[in-house]
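I have placed the structure first, in the form of structure tokens, so that the comments after it can refer back to it.
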Amino acid sequence: MSSSNANATDPAALAATRQSSKTAPPTPSRDGFHLVPSHPVVYDVDMSSDFTDITYHVSTIDCCARIAFDRPQVLHAFRPTTINEVRRALELAQDDTRVGVIILTSNIIDERTPAFCAGGDQSVRSSGGGYDDGSEAAPRLRVLDLQIQMRRCPKPIVAVVRGYAIGGGHILHMCADLTLAGDDGVFGQVGPRMGSVDAGYGSVHLARMVGQKKAREVWFLCRYYSAKEALQMGLINAVFPVDRLEGEVGRWIRRMNMLSPTALAVAKASINADQDGSAGISLMGGHITRLFYQSAEAQEGRDAYLEGRKPEFRKIPESKL
């Protein structure tokens with residue numbers, strides 16, 4: 001879970017939170033966030049040749065991975081191949097100790113309309129109950145597996161949105177932990193316009209984020225909303241001018257990589273737990289178990305078993321518990 005933080009972020013960005021003063025007035029800038037560098041992330045590892053529908057890059061400098069939809073000819077709409085590639089890239093990023101934060105975004109092509117993701121590619125939507133591009137034995141709804149994988153990933157996932165985040169693409173940005181958008185971002189649902197609906201996170205999670213009435217409006221009217229409107233309704237975290245977006249993404253990434261990765265993983269699991277039922281509680285419990293395994297008490301139990309003796313839990317000094 002932990003990452004090898006090679007980030008050379010100015011230490012003043014966190015030192016500001018530790019400097020004490022008896023006379024200075026309270027100020028939000030005490031958190032030091034404004035001191036975190038805001039230049040775009042530079043990616044020095046390119047693994048895109050392993051994929052056809054996405055690109056995959058890693059920054060060992062800023063400790064993040066970038067998974068980007070790469071089907072601009074269809075507004076980055078996904079087919080089963082696309083989703084399976086995102087799932088594989090997400091697994092790589094989750095297991096990579098160089099990666100602390102994961103970006104989910106799209107490649108913006110100058111001559112194409114900007115888009116994050118326009119949802120499922122209707123040209124491969126099958127009457128058999130899913131999507132079928134010939135890559136699997138039967139039609140599937142693999143995007144549901146991806147949604148769960150994103151929720152269970154212990155590392156923060158940041159959706160970076162330019163242009164359209166519509167339909168299934170809209171749901172994917174909601175399943176990300178944070179969403180940062182350019183001021184050209186457009187959000188909304190289209191499912192009921194084409195005989196489709198997401199009765200899972202696309203509905204339940206939306207209602208948690210924006211409220212019951214607004215969620216019904218999104219689904220019942222299928223209107224589109226600007227990035228500014230999405231921010232006002234609590235659907236996204238921040239909006240930036242397009243020319244500043246990548247730099248601000250870098251700032252948010254660097255800040256998260258300055259923090260405890262275990263604390264972030266536990267916070268994510270805890271926030272998700274009530275909505276994800278027993279599976280969410282189990283995941284949160286798993287993080288607690290992993291921390292317990294590092295204690296003297298747990299190690300005594302392991303050592304006693306391997307040595308064939310009775311464990312002596314009560315003899316462990318309290319200072320080591």
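Labeling convention for the structure tokens: chains A, B, ... as they appear, residues from 1 per chain, ligands from 1 in order of appearance.
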Task: Surrounding residues of Val158 in chain A excluding itself and chain neighbours under 6 positions, 10 Å, only C-alpha atoms, as JSON, numbers by chain - done: {"A": [66, 101, 102, 103, 104, 105, 173, 174, 175, 176, 177, 178, 179, 180, 249, 252, 253]}
Open item on the list: Using DSSP secondary structure from the backbone, list all strand (DSSP E or B) positions within range 75-136 of chain A, as JSON, numbers by chain.
Closed with: {"A": [78, 101, 102, 103, 104, 105, 106, 115, 116, 117, 120, 125, 131]}
Requested write-out: N, CA, C and O atoms of the selected residues, as a PDB file, in the first residue's frame:
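Written file, selection_39.pdb:
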```pdb
ATOM      1  N   PHE A  78     -16.578   3.603 -24.003  1.00  0.00           N
ATOM      2  CA  PHE A  78     -15.869   2.349 -23.723  1.00  0.00           C
ATOM      3  C   PHE A  78     -16.599   1.130 -24.276  1.00  0.00           C
ATOM      4  O   PHE A  78     -17.809   1.099 -24.396  1.00  0.00           O
ATOM      5  N   VAL A 101      -0.962   7.764  -5.866  1.00  0.00           N
ATOM      6  CA  VAL A 101      -2.249   8.284  -6.304  1.00  0.00           C
ATOM      7  C   VAL A 101      -2.445   7.882  -7.767  1.00  0.00           C
ATOM      8  O   VAL A 101      -1.480   7.822  -8.543  1.00  0.00           O
ATOM      9  N   ILE A 102      -3.692   7.610  -8.137  1.00  0.00           N
ATOM     10  CA  ILE A 102      -4.017   7.163  -9.488  1.00  0.00           C
ATOM     11  C   ILE A 102      -4.933   8.187 -10.156  1.00  0.00           C
ATOM     12  O   ILE A 102      -5.944   8.592  -9.568  1.00  0.00           O
ATOM     13  N   ILE A 103      -4.577   8.598 -11.360  1.00  0.00           N
ATOM     14  CA  ILE A 103      -5.403   9.509 -12.143  1.00  0.00           C
ATOM     15  C   ILE A 103      -6.167   8.715 -13.202  1.00  0.00           C
ATOM     16  O   ILE A 103      -5.583   7.887 -13.901  1.00  0.00           O
ATOM     17  N   LEU A 104      -7.460   8.964 -13.306  1.00  0.00           N
ATOM     18  CA  LEU A 104      -8.279   8.412 -14.390  1.00  0.00           C
ATOM     19  C   LEU A 104      -8.739   9.594 -15.234  1.00  0.00           C
ATOM     20  O   LEU A 104      -9.426  10.487 -14.744  1.00  0.00           O
ATOM     21  N   THR A 105      -8.367   9.592 -16.508  1.00  0.00           N
ATOM     22  CA  THR A 105      -8.666  10.737 -17.356  1.00  0.00           C
ATOM     23  C   THR A 105      -8.780  10.283 -18.800  1.00  0.00           C
ATOM     24  O   THR A 105      -9.013   9.103 -19.072  1.00  0.00           O
ATOM     25  N   SER A 106      -8.621  11.210 -19.744  1.00  0.00           N
ATOM     26  CA  SER A 106      -8.685  10.878 -21.166  1.00  0.00           C
ATOM     27  C   SER A 106      -7.639  11.697 -21.905  1.00  0.00           C
ATOM     28  O   SER A 106      -7.172  12.731 -21.412  1.00  0.00           O
ATOM     29  N   ALA A 115     -13.555  15.251 -24.315  1.00  0.00           N
ATOM     30  CA  ALA A 115     -14.440  14.363 -23.558  1.00  0.00           C
ATOM     31  C   ALA A 115     -13.620  13.576 -22.561  1.00  0.00           C
ATOM     32  O   ALA A 115     -12.473  13.195 -22.834  1.00  0.00           O
ATOM     33  N   PHE A 116     -14.206  13.334 -21.405  1.00  0.00           N
ATOM     34  CA  PHE A 116     -13.641  12.406 -20.422  1.00  0.00           C
ATOM     35  C   PHE A 116     -14.044  10.990 -20.810  1.00  0.00           C
ATOM     36  O   PHE A 116     -13.221  10.125 -21.037  1.00  0.00           O
ATOM     37  N   CYS A 117     -15.347  10.769 -20.927  1.00  0.00           N
ATOM     38  CA  CYS A 117     -15.875   9.477 -21.358  1.00  0.00           C
ATOM     39  C   CYS A 117     -17.374   9.632 -21.574  1.00  0.00           C
ATOM     40  O   CYS A 117     -18.077  10.179 -20.726  1.00  0.00           O
ATOM     41  N   GLY A 120     -20.916   3.842 -22.364  1.00  0.00           N
ATOM     42  CA  GLY A 120     -20.799   2.642 -23.179  1.00  0.00           C
ATOM     43  C   GLY A 120     -20.949   2.931 -24.665  1.00  0.00           C
ATOM     44  O   GLY A 120     -21.802   3.712 -25.073  1.00  0.00           O
ATOM     45  N   ARG A 125     -23.279  -2.485 -28.175  1.00  0.00           N
ATOM     46  CA  ARG A 125     -24.271  -2.898 -27.177  1.00  0.00           C
ATOM     47  C   ARG A 125     -25.095  -4.047 -27.746  1.00  0.00           C
ATOM     48  O   ARG A 125     -25.664  -3.949 -28.827  1.00  0.00           O
ATOM     49  N   TYR A 131     -22.439  -5.653 -23.393  1.00  0.00           N
ATOM     50  CA  TYR A 131     -21.679  -5.133 -24.527  1.00  0.00           C
ATOM     51  C   TYR A 131     -20.795  -6.251 -25.080  1.00  0.00           C
ATOM     52  O   TYR A 131     -20.231  -7.043 -24.323  1.00  0.00           O
TER      53      TYR A 131
END
```
Task: One-decimal distance in Å that lies between CA of Tyr305 in chain A and CA of Gly286 in chain A - done: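 Between CA of Gly286 in chain A and CA of Tyr305 in chain A the gap works out to 21.8 Å.
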TODO: Would you list the contacts of Gly169 in chain A as a PyMOL selection string, taking every protein, DNA or RNA residue within 6 Å and counting only C-alpha atoms, but skipping same-chain residues closer than 3 positions in sequence?
DONE: chain A and resi 117-119+165-166+172
Would you mind exporting C-alpha atoms of the selected residues as a PDB file, in the first residue's frame?
```
ATOM      1  CA  CYS A 117     -15.875   9.477 -21.358  1.00  0.00           C
ATOM      2  CA  ALA A 118     -19.265   9.259 -23.059  1.00  0.00           C
ATOM      3  CA  GLY A 119     -20.183   5.937 -21.447  1.00  0.00           C
ATOM      4  CA  ALA A 165     -18.525  13.041 -18.648  1.00  0.00           C
ATOM      5  CA  ILE A 166     -21.784  11.463 -19.697  1.00  0.00           C
ATOM      6  CA  LEU A 172     -16.966   6.382 -13.386  1.00  0.00           C
TER       7      LEU A 172
END
```
Open item on the list: Please report the interatomic distance between CA of Arg151 in chain A and CA of Asn272 in chain A in Å with one decimal.
Closed with: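 We find that CA of Arg151 in chain A and CA of Asn272 in chain A lie 7.4 Å from each other.
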- [ ] Please identify all polymer residues within 6 Å of range 229-240 of chain A, counting only C-alpha atoms, omitting same-chain residues fewer than 2 positions from it, and present them as a list in words.
- [x] Thr179, Leu180, Ala181, Gly182, Asp183, Val210, Tyr225, Ser226, Ala227 and Leu245 of chain A
Got time to write the residues from that selection, C-alpha atoms, as a CSV table (one decimal), in the first residue's frame?
```csv
chain,number,residue,atom,x,y,z
A,179,THR,CA,-13.1,14.8,-9.4
A,180,LEU,CA,-11.2,17.8,-10.8
A,181,ALA,CA,-12.6,19.4,-13.9
A,182,GLY,CA,-11.7,21.9,-16.5
A,183,ASP,CA,-14.1,24.8,-17.0
A,210,VAL,CA,-26.3,15.5,-4.6
A,225,TYR,CA,-24.7,20.4,-16.4
A,226,SER,CA,-21.7,22.7,-16.6
A,227,ALA,CA,-18.7,22.2,-14.4
A,245,LEU,CA,-6.0,22.3,-14.8
```
- [ ] Figure out the distance between CA of Ala137 in chain A and CA of Ser196 in chain A, please, to one decimal in Å.
- [x] 22.4 Å
Write out as JSON lines a residue-level contact list of range 217-304 of chain A versus range 18-40 of chain A with cut-off 8 Å: for each qualifying residue the closest pair of atoms and the distance in Å to one decimal, counting only C-alpha atoms, rows sorted by chain and residue number upward.
```
{"residue": "A:Glu246", "atom": "CA", "partner": "A:Pro40", "partner_atom": "CA", "distance": 5.0}
{"residue": "A:Gly247", "atom": "CA", "partner": "A:Pro40", "partner_atom": "CA", "distance": 4.2}
{"residue": "A:Glu248", "atom": "CA", "partner": "A:Ser38", "partner_atom": "CA", "distance": 5.4}
{"residue": "A:Val249", "atom": "CA", "partner": "A:Pro40", "partner_atom": "CA", "distance": 7.1}
{"residue": "A:Gly250", "atom": "CA", "partner": "A:Pro40", "partner_atom": "CA", "distance": 5.2}
{"residue": "A:Arg251", "atom": "CA", "partner": "A:Ser38", "partner_atom": "CA", "distance": 4.6}
{"residue": "A:Arg254", "atom": "CA", "partner": "A:Val36", "partner_atom": "CA", "distance": 7.1}
{"residue": "A:Arg255", "atom": "CA", "partner": "A:Val36", "partner_atom": "CA", "distance": 6.7}
```
- [ ] For Val58 in chain A, list every protein, DNA or RNA residue within 6 Å, evaluated using only C-alpha atoms, and leave out those in the same chain fewer than 4 positions away; present the list as number ranges by chain.
- [x] A: 43, 45, 64-65
- [ ] Considering only C-alpha atoms, state which residue in the set A:Ser48, A:Leu146, A:Lys155, A:Phe69 is at the smallest distance from Asp95 in chain A.
- [x] A:Lys155
